[in-house]
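As provided, target-v4.txt (compact mmCIF, C-alpha atoms) reads as follows.
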```
# COMPACT_ATOMS: atom_id res chain seq x y z
CA MET A 1 42.07 23.86 -85.85
CA LYS A 2 42.62 20.20 -85.01
CA LEU A 3 40.35 17.82 -83.14
CA MET A 4 40.28 17.67 -79.36
CA GLU A 5 38.53 15.04 -77.28
CA HIS A 6 35.58 17.40 -76.71
CA CYS A 7 34.79 17.11 -80.42
CA ARG A 8 33.84 13.45 -80.24
CA GLY A 9 30.69 14.07 -78.22
CA CYS A 10 29.76 17.03 -80.42
CA LEU A 11 30.09 14.98 -83.60
CA ARG A 12 28.01 12.16 -82.13
CA GLY A 13 25.36 14.69 -81.10
CA LEU A 14 25.41 16.15 -84.59
CA VAL A 15 24.72 12.84 -86.31
CA GLU A 16 22.01 11.89 -83.83
CA LYS A 17 20.08 15.07 -84.60
CA VAL A 18 20.69 15.00 -88.34
CA VAL A 19 19.70 11.34 -88.64
CA ALA A 20 16.52 12.06 -86.67
CA LEU A 21 15.68 15.03 -88.90
CA SER A 22 16.36 12.89 -91.96
CA LYS A 23 14.10 10.06 -90.69
CA GLY A 24 17.06 7.71 -90.60
CA ASP A 25 17.35 4.52 -88.57
CA ASP A 26 19.73 2.94 -86.08
CA GLY A 27 21.75 1.39 -88.89
CA ILE A 28 22.66 4.82 -90.20
CA LEU A 29 23.55 5.94 -86.68
CA SER A 30 25.84 2.96 -86.23
CA HIS A 31 27.50 3.70 -89.55
CA CYS A 32 28.13 7.31 -88.49
CA TYR A 33 29.59 6.28 -85.13
CA SER A 34 31.97 3.97 -86.99
CA VAL A 35 32.98 6.77 -89.34
CA ILE A 36 33.83 9.01 -86.39
CA ASP A 37 36.01 6.30 -84.88
CA SER A 38 37.72 5.45 -88.17
CA LEU A 39 38.54 9.05 -89.08
CA TRP A 40 39.50 10.17 -85.60
CA GLY A 41 43.06 11.43 -85.45
CA GLU A 42 45.12 14.42 -84.40
CA ASP A 43 45.64 15.45 -88.03
CA ARG A 44 41.89 15.96 -88.64
CA THR A 45 39.72 19.05 -88.22
CA PRO A 46 36.14 18.86 -86.85
CA PRO A 47 34.55 20.08 -90.13
CA GLU A 48 36.48 17.43 -92.10
CA ILE A 49 34.71 14.67 -90.20
CA ALA A 50 31.39 16.55 -90.05
CA ASN A 51 31.33 16.96 -93.82
CA ARG A 52 31.90 13.24 -94.35
CA LEU A 53 29.11 12.42 -91.89
CA LEU A 54 26.65 14.87 -93.42
CA GLY A 55 27.39 13.56 -96.89
CA ASP A 56 26.87 9.95 -95.83
CA ILE A 57 23.58 10.76 -94.10
CA LYS A 58 22.33 12.65 -97.15
CA GLU A 59 23.26 9.77 -99.46
CA MET A 60 21.76 7.08 -97.22
CA THR A 61 18.47 8.88 -96.51
CA GLY A 62 17.96 10.82 -99.73
CA ILE A 63 17.11 13.95 -97.72
CA TYR A 64 18.73 16.95 -99.42
CA ASP A 65 18.05 19.57 -96.72
CA PRO A 66 17.04 18.12 -93.34
CA TYR A 67 17.06 21.62 -91.81
CA HIS A 68 14.44 23.05 -94.16
CA SER A 69 11.73 23.59 -91.53
CA ALA A 70 14.19 24.64 -88.83
CA LYS A 71 15.54 27.34 -91.13
CA ASP A 72 12.03 28.71 -91.65
CA ARG A 73 11.77 29.25 -87.91
CA GLU A 74 15.30 30.60 -87.57
CA VAL A 75 14.83 33.22 -90.28
CA GLY A 76 11.61 34.46 -88.66
CA VAL A 77 13.22 34.78 -85.24
CA ALA A 78 16.36 36.40 -86.67
CA ARG A 79 14.42 39.00 -88.64
CA ARG A 80 12.54 40.15 -85.53
CA SER A 81 15.46 39.92 -83.12
CA ALA A 82 17.92 41.82 -85.32
CA ARG A 83 15.53 44.76 -85.50
CA GLU A 84 15.08 44.80 -81.73
CA LEU A 85 18.76 44.35 -80.84
CA ALA A 86 19.97 46.90 -83.40
CA ASP A 87 18.05 49.58 -81.50
CA THR A 88 20.05 48.81 -78.33
CA LEU A 89 23.51 49.24 -79.89
CA PRO A 90 25.23 52.36 -81.25
CA GLU A 91 26.12 52.49 -84.95
CA THR A 92 29.81 52.68 -84.14
CA LEU A 93 32.23 50.05 -85.40
CA GLU A 94 32.17 48.39 -81.99
CA GLY A 95 28.38 48.41 -81.89
CA LEU A 96 28.11 46.92 -85.38
CA LEU A 97 30.65 44.19 -84.61
CA LYS A 98 28.67 43.35 -81.47
CA LEU A 99 25.46 43.11 -83.49
CA SER A 100 27.13 40.89 -86.09
CA ALA A 101 28.51 38.65 -83.35
CA LEU A 102 25.08 38.41 -81.71
CA GLY A 103 23.78 37.07 -85.00
CA ASN A 104 25.98 34.03 -84.45
CA SER A 105 24.00 33.19 -81.28
CA MET A 106 21.44 31.09 -83.07
CA ASP A 107 22.56 27.57 -83.74
CA PHE A 108 20.12 24.76 -84.36
CA PHE A 109 22.23 22.42 -82.23
CA ILE A 110 23.20 24.79 -79.42
CA ASP A 111 20.76 27.61 -78.72
CA SER A 112 17.09 28.36 -79.12
CA GLY A 113 17.27 32.09 -79.69
CA TYR A 114 19.12 35.39 -79.41
CA ASP A 115 19.69 36.23 -75.77
CA THR A 116 21.76 39.16 -74.51
CA THR A 117 21.63 38.03 -70.87
CA GLY A 118 25.20 38.09 -69.57
CA PHE A 119 26.43 39.28 -72.97
CA GLU A 120 30.25 39.32 -72.99
CA PHE A 121 32.04 40.72 -76.02
CA THR A 122 35.73 41.01 -76.79
CA GLY A 123 36.64 42.90 -79.92
CA GLU A 124 39.94 44.02 -81.41
CA ILE A 125 38.23 47.20 -82.52
CA ASP A 126 41.25 49.35 -83.33
CA THR A 127 43.04 46.59 -85.25
CA ILE A 128 39.91 45.72 -87.22
CA GLY A 129 39.35 49.41 -87.98
CA ALA A 130 42.91 49.67 -89.26
CA GLU A 131 42.34 46.62 -91.47
CA PHE A 132 39.24 48.25 -92.94
CA HIS A 133 41.23 51.41 -93.63
CA SER A 134 44.39 49.84 -95.07
CA LYS A 135 43.00 47.22 -97.45
CA GLY A 136 41.45 47.67 -100.90
CA LYS A 137 37.83 48.23 -101.86
CA ASP A 138 36.73 44.60 -101.97
CA VAL A 139 35.30 42.84 -98.91
CA LEU A 140 34.73 39.08 -98.86
CA MET A 141 32.39 38.06 -96.05
CA PHE A 142 31.90 34.34 -95.46
CA ALA A 143 28.38 33.84 -94.08
CA ASP A 144 27.37 31.30 -91.46
CA ASN A 145 23.87 30.52 -90.18
CA VAL A 146 20.77 31.15 -92.26
CA GLY A 147 19.46 34.12 -90.25
CA GLU A 148 22.69 36.06 -89.76
CA LEU A 149 22.35 38.39 -92.74
CA PHE A 150 19.86 40.45 -90.73
CA PHE A 151 22.59 40.99 -88.10
CA ASP A 152 25.37 41.56 -90.65
CA ILE A 153 23.60 44.07 -92.88
CA LYS A 154 24.42 47.12 -90.76
CA LEU A 155 28.13 46.24 -90.76
CA ILE A 156 27.89 45.75 -94.52
CA GLU A 157 26.27 49.17 -94.90
CA TYR A 158 28.98 50.71 -92.70
CA LEU A 159 31.60 49.33 -95.06
CA GLU A 160 29.71 50.46 -98.15
CA ARG A 161 29.49 54.01 -96.82
CA ARG A 162 33.29 53.94 -96.75
CA GLY A 163 33.52 52.99 -100.40
CA LYS A 164 33.86 49.22 -99.97
CA ILE A 165 32.28 46.63 -102.29
CA VAL A 166 31.01 43.75 -100.16
CA SER A 167 30.46 40.20 -101.45
CA TYR A 168 28.48 37.96 -99.08
CA ALA A 169 29.54 34.34 -99.70
CA VAL A 170 27.08 31.57 -98.88
CA LYS A 171 27.05 27.80 -99.45
CA GLU A 172 26.09 26.54 -102.91
CA HIS A 173 24.14 23.62 -101.41
CA PRO A 174 22.53 23.08 -97.97
CA ALA A 175 24.98 22.34 -95.16
CA GLN A 176 23.52 22.08 -91.65
CA ASN A 177 21.62 25.31 -90.93
CA ASP A 178 24.09 27.47 -92.87
CA LEU A 179 22.77 29.96 -95.40
CA SER A 180 22.82 28.41 -98.88
CA MET A 181 21.88 29.58 -102.38
CA PRO A 182 18.50 27.78 -102.27
CA ASP A 183 17.76 29.68 -99.04
CA VAL A 184 18.72 32.97 -100.67
CA ASP A 185 16.04 32.38 -103.31
CA ARG A 186 13.45 30.98 -100.91
CA PHE A 187 13.71 33.82 -98.41
CA ARG A 188 14.28 36.52 -101.07
CA PHE A 189 17.49 37.62 -99.35
CA ARG A 190 18.67 39.58 -102.38
CA GLU A 191 16.05 42.12 -101.38
CA VAL A 192 18.01 42.53 -98.12
CA PHE A 193 21.41 42.61 -99.84
CA PRO A 194 21.91 41.96 -103.56
CA ASN A 195 25.59 41.01 -103.82
CA ILE A 196 25.35 37.43 -102.55
CA ILE A 197 27.77 34.95 -104.13
CA SER A 198 28.33 31.21 -103.83
CA THR A 199 31.28 29.46 -102.22
CA GLY A 200 30.79 26.75 -104.83
CA SER A 201 30.42 23.96 -102.28
CA GLY A 202 27.96 22.53 -99.81
CA GLU A 203 30.52 21.86 -97.10
CA VAL A 204 30.72 23.11 -93.54
CA GLY A 205 33.54 25.66 -93.36
CA ILE A 206 35.82 26.77 -96.21
CA ARG A 207 38.45 24.50 -97.72
CA ARG A 208 41.35 26.40 -99.30
CA LYS A 209 41.73 24.08 -102.28
CA LEU A 210 38.05 24.48 -103.20
CA MET A 211 38.27 28.27 -103.61
CA ARG A 212 37.46 29.26 -107.17
CA GLY A 213 36.81 32.33 -109.28
CA ARG A 214 35.93 35.56 -107.53
CA ILE A 215 36.41 34.12 -104.04
CA LYS A 216 39.89 32.85 -104.85
CA ASP A 217 40.83 36.20 -106.42
CA MET A 218 39.69 38.14 -103.37
CA TRP A 219 41.40 35.76 -100.95
CA GLU A 220 44.68 36.07 -102.81
CA GLY A 221 44.32 39.81 -103.43
CA ASP A 222 43.96 42.93 -101.31
CA ALA A 223 40.40 42.31 -100.11
CA ILE A 224 39.22 42.53 -96.52
CA VAL A 225 38.13 39.02 -95.45
CA ILE A 226 35.55 38.51 -92.71
CA ALA A 227 34.55 35.01 -91.58
CA LYS A 228 31.46 34.37 -89.46
CA GLY A 229 31.10 31.45 -87.09
CA MET A 230 33.09 28.55 -85.69
CA ALA A 231 33.17 26.21 -88.70
CA ASN A 232 34.73 28.93 -90.84
CA TYR A 233 37.25 29.56 -88.06
CA GLU A 234 38.01 25.85 -87.67
CA THR A 235 38.81 25.45 -91.37
CA ILE A 236 40.42 28.82 -92.15
CA SER A 237 42.73 28.49 -89.15
CA GLU A 238 44.43 25.64 -91.03
CA TYR A 239 45.73 28.08 -93.67
CA GLY A 240 44.96 31.49 -92.16
CA GLU A 241 48.62 32.46 -92.01
CA GLU A 242 48.32 33.34 -95.71
CA ARG A 243 46.56 36.62 -94.96
CA THR A 244 44.65 38.56 -92.32
CA VAL A 245 41.13 37.38 -91.55
CA ILE A 246 38.57 38.97 -89.25
CA HIS A 247 36.66 36.31 -87.30
CA ILE A 248 33.30 37.19 -85.76
CA MET A 249 31.48 34.55 -83.72
CA LYS A 250 30.08 33.23 -80.50
CA VAL A 251 32.42 30.71 -78.86
CA LYS A 252 30.23 27.64 -78.40
CA CYS A 253 32.58 24.79 -77.55
CA PRO A 254 35.67 24.08 -75.42
CA THR A 255 37.84 23.22 -78.43
CA VAL A 256 37.33 26.61 -80.09
CA ALA A 257 37.59 28.32 -76.69
CA HIS A 258 41.00 26.72 -76.21
CA ALA A 259 42.12 27.77 -79.69
CA VAL A 260 41.06 31.43 -79.45
CA GLY A 261 41.77 31.97 -75.75
CA HIS A 262 38.23 33.09 -74.88
CA GLY A 263 35.61 31.34 -72.78
CA VAL A 264 32.62 29.35 -73.96
CA GLY A 265 29.67 31.70 -74.33
CA GLN A 266 31.75 34.77 -75.17
CA TYR A 267 31.23 36.78 -78.34
CA ILE A 268 34.37 37.82 -80.17
CA ALA A 269 35.59 39.86 -83.13
CA ILE A 270 39.28 39.09 -83.57
CA ILE A 271 41.79 39.45 -86.36
CA GLY A 272 44.18 36.68 -87.26
CA GLY A 273 46.64 35.72 -89.93
CA GLU A 274 49.82 37.44 -91.01
CA ARG A 275 50.10 41.12 -90.08
CA ASP A 276 52.90 43.62 -90.52
CA GLY A 277 55.10 43.54 -87.46
CA CYS A 278 53.46 40.40 -86.07
CA GLU A 279 54.49 36.81 -86.03
CA LYS A 280 52.74 34.38 -88.35
CA GLY A 281 49.87 32.52 -86.79
CA LEU A 282 46.15 32.88 -86.42
CA LEU A 283 46.16 34.79 -83.14
```
Kindly present the structure from the file in structure tokens form.
Amino acid sequence: MKLMEHCRGCLRGLVEKVVALSKGDDGILSHCYSVIDSLWGEDRTPPEIANRLLGDIKEMTGIYDPYHSAKDREVGVARRSARELADTLPETLEGLLKLSALGNSMDFFIDSGYDTTGFEFTGEIDTIGAEFHSKGKDVLMFADNVGELFFDIKLIEYLERRGKIVSYAVKEHPAQNDLSMPDVDRFRFREVFPNIISTGSGEVGIRRKLMRGRIKDMWEGDAIVIAKGMANYETISEYGEERTVIHIMKVKCPTVAHAVGHGVGQYIAIIGGERDGCEKGLL
């Protein structure tokens, strides 16, 4: 998914908050604004620029994980909220996709909590169910925010009851408030779900050329692939015609809304990529 003009303000807001969390100064801010202007172009994706900015801020401030304290709070809220919201939804495929999508509500830069007020969900339930049925045993699930595992676990268990082997892929190093391997250890997430694997990078989103090992094998094989959140959508949409991908997220910005054809604030579970009998393309 390429840049649109809406992305400029979002990227500037991102660096302002990250620099503040990292105890940076106005000189670092000015540098980041210049980077946005120098990299801006219709051939770029939002995560491409965001990753450069986050790397520069980390190098200039020496702060490895500026979201450390925020993630403590997010995990606590997510743990409680997932329990409460799970009781309000049926354990059907549609209900579990809704719960997983609700987990994408929390975003350190957008929202302050999980709120079902005015909850609007669009899900390609039958098509996703057919994908679960037709593919092999492996499931590759790309995680997003640090607290989402609590919302994803019931969908994971649903798949496991149907004989699937789920691998939950998280960042190797901290990237915004995404779940990373240090977080897995700190919050003892293997007690929630043991089969957590690393993407091998600390970047926002998933770059195709950085896929290695088990992740690369599953992507290129007969696995079911599920991607949580907008950054994964924004990057995977650049090469998503290679295979089908189930995207589960809350639409949080006009650029993604334009790309997926759903309004800002809506929760979606859609399937994209190449399908039998369908044209190539993400949607």
> Counting all atoms listed in the file, which of A:Phe189, A:Phe132, A:Tyr267, A:Phe142 gets nearest to Arg161 of chain A?
Replying inline: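 The closest residue to Arg161 of chain A is A:Phe132.
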> Out of A:Met60, A:Met211, A:Leu97, A:Val19, which residue has the shortest atom-to-atom distance to Leu155 of chain A when counting all atoms listed in the file?
Replying inline: A:Leu97
> Which one is closest to Leu210 of chain A: A:Thr235, A:Leu39, A:Ala223, A:Glu131? Count all atoms listed in the file.
Replying inline: A:Thr235
> Given the choices A:Gly55, A:Pro174, A:Gly221, A:Pro46, which gets closest to Met4 of chain A if the distance is worked out from only C-alpha atoms?
Replying inline: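 Using only C-alpha atoms, the shortest distance to Met4 of chain A belongs to A:Pro46.
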>> Ranking A:Pro90, A:Pro182, A:Gly213, A:Gly272 by minimum distance to Tyr239 of chain A and counting all atoms listed in the file, which one comes first?
In response: A:Gly272
> Hey, can you check how far atom CA of Ala269 of chain A sits from atom CA of Ala257 of chain A?
Replying inline: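 A separation of 13.4 Å between them.
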Long-range neighbours of segment 116-120 of chain A as a PDB file with C-alpha atoms, in the coordinates of the input, 9 Å cut-off, only C-alpha atoms, 4 positions minimum in chain:
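Result went into around_0.pdb, see below:
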```pdb
ATOM      1  CA  LEU A  85      18.760  44.350 -80.840  1.00  0.00           C
ATOM      2  CA  LEU A 102      25.080  38.410 -81.710  1.00  0.00           C
ATOM      3  CA  GLY A 265      29.670  31.700 -74.330  1.00  0.00           C
ATOM      4  CA  GLN A 266      31.750  34.770 -75.170  1.00  0.00           C
ATOM      5  CA  TYR A 267      31.230  36.780 -78.340  1.00  0.00           C
ATOM      6  CA  ILE A 268      34.370  37.820 -80.170  1.00  0.00           C
TER       7      ILE A 268
END
```
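Coordinates place atom CA of Gly123 of chain A at a distance of 19.8 Å from atom CA of Asp87 of chain A.
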>> Which residues are near Gly205 of chain A? Cut-off 12 Å, only C-alpha atoms, ignore same chain within fewer than 2 positions. Put them as an NGL selection string.
In response: :A and (1 or 45-51 or 142-145 or 169-171 or 175-176 or 178-179 or 199-203 or 207-208 or 210-211 or 227-238)
>> Restricting the calculation to all atoms listed in the file: of A:Lys154, A:Lys135, A:Lys164, A:Arg80, which residue gets closest to Gly95 of chain A?
In response: A:Lys154
Quick one: what's the axis-aligned box for segment 130-149 of chain A, all listed atoms, 6 Å on every side, centre and edges in Å to one decimal, as lines of an AutoDock Vina configuration file?
```
center_x = 31.9
center_y = 41.0
center_z = -95.6
size_x = 36.9
size_y = 32.9
size_z = 24.7
```
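Using all atoms listed in the file, the residues found no farther than 10 Å from Gly261 of chain A, other than those of its own chain fewer than 5 positions away, are Val251, Pro254, Thr255, Val256 and Leu283 of chain A.
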Selected residues written out, C-alpha atoms, as a PDB file, in the frame of the given file:
```
ATOM      1  CA  VAL A 251      32.420  30.710 -78.860  1.00  0.00           C
ATOM      2  CA  PRO A 254      35.670  24.080 -75.420  1.00  0.00           C
ATOM      3  CA  THR A 255      37.840  23.220 -78.430  1.00  0.00           C
ATOM      4  CA  VAL A 256      37.330  26.610 -80.090  1.00  0.00           C
ATOM      5  CA  LEU A 283      46.160  34.790 -83.140  1.00  0.00           C
TER       6      LEU A 283
END
```
>> One number please: atom CA of Gly76 of chain A to atom CA of Met181 of chain A, in Å, one decimal.
In response: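 Atom CA of Met181 of chain A lies 17.8 Å from atom CA of Gly76 of chain A.
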>> Can you tell me which residues surround Gly147 of chain A at a distance of at most 6 Å, considering all atoms listed in the file, apart from same-chain residues fewer than 2 positions away, and format the answer as JSON, numbers by chain?
In response: {"A": [75, 78, 145, 149]}
> Which residues come within 9 Å of Arg8 of chain A, counting all atoms listed in the file, excluding same-chain residues fewer than 4 positions away, as a ChimeraX atom specification?
Replying inline: /A:3-4,12-13,36-37,40,46
Could you turn the residues from that selection into a file that holds C-alpha atoms, as a PDB file, keeping the file's coordinate frame?
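To be explicit, this is the file written out as again_24.pdb:
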```
ATOM      1  CA  LEU A   3      40.350  17.820 -83.140  1.00  0.00           C
ATOM      2  CA  MET A   4      40.280  17.670 -79.360  1.00  0.00           C
ATOM      3  CA  ARG A  12      28.010  12.160 -82.130  1.00  0.00           C
ATOM      4  CA  GLY A  13      25.360  14.690 -81.100  1.00  0.00           C
ATOM      5  CA  ILE A  36      33.830   9.010 -86.390  1.00  0.00           C
ATOM      6  CA  ASP A  37      36.010   6.300 -84.880  1.00  0.00           C
ATOM      7  CA  TRP A  40      39.500  10.170 -85.600  1.00  0.00           C
ATOM      8  CA  PRO A  46      36.140  18.860 -86.850  1.00  0.00           C
TER       9      PRO A  46
END
```
>> Given the point (42.3, 47.6, -87.6) in the file's coordinates, find the residues that have an atom at most 12 Å from it, counting only C-alpha atoms, and give them as a PyMOL selection string.
In response: chain A and resi 93-94+123-135+224+244-246+269-272+275-276
>> Within 7 Å of (43.4, 36.6, -96.8) (file coordinates; only C-alpha atoms), which protein or nucleic acid residues are there? I'd like them as a PyMOL selection string.
In response: chain A and resi 219-220+225+242-245
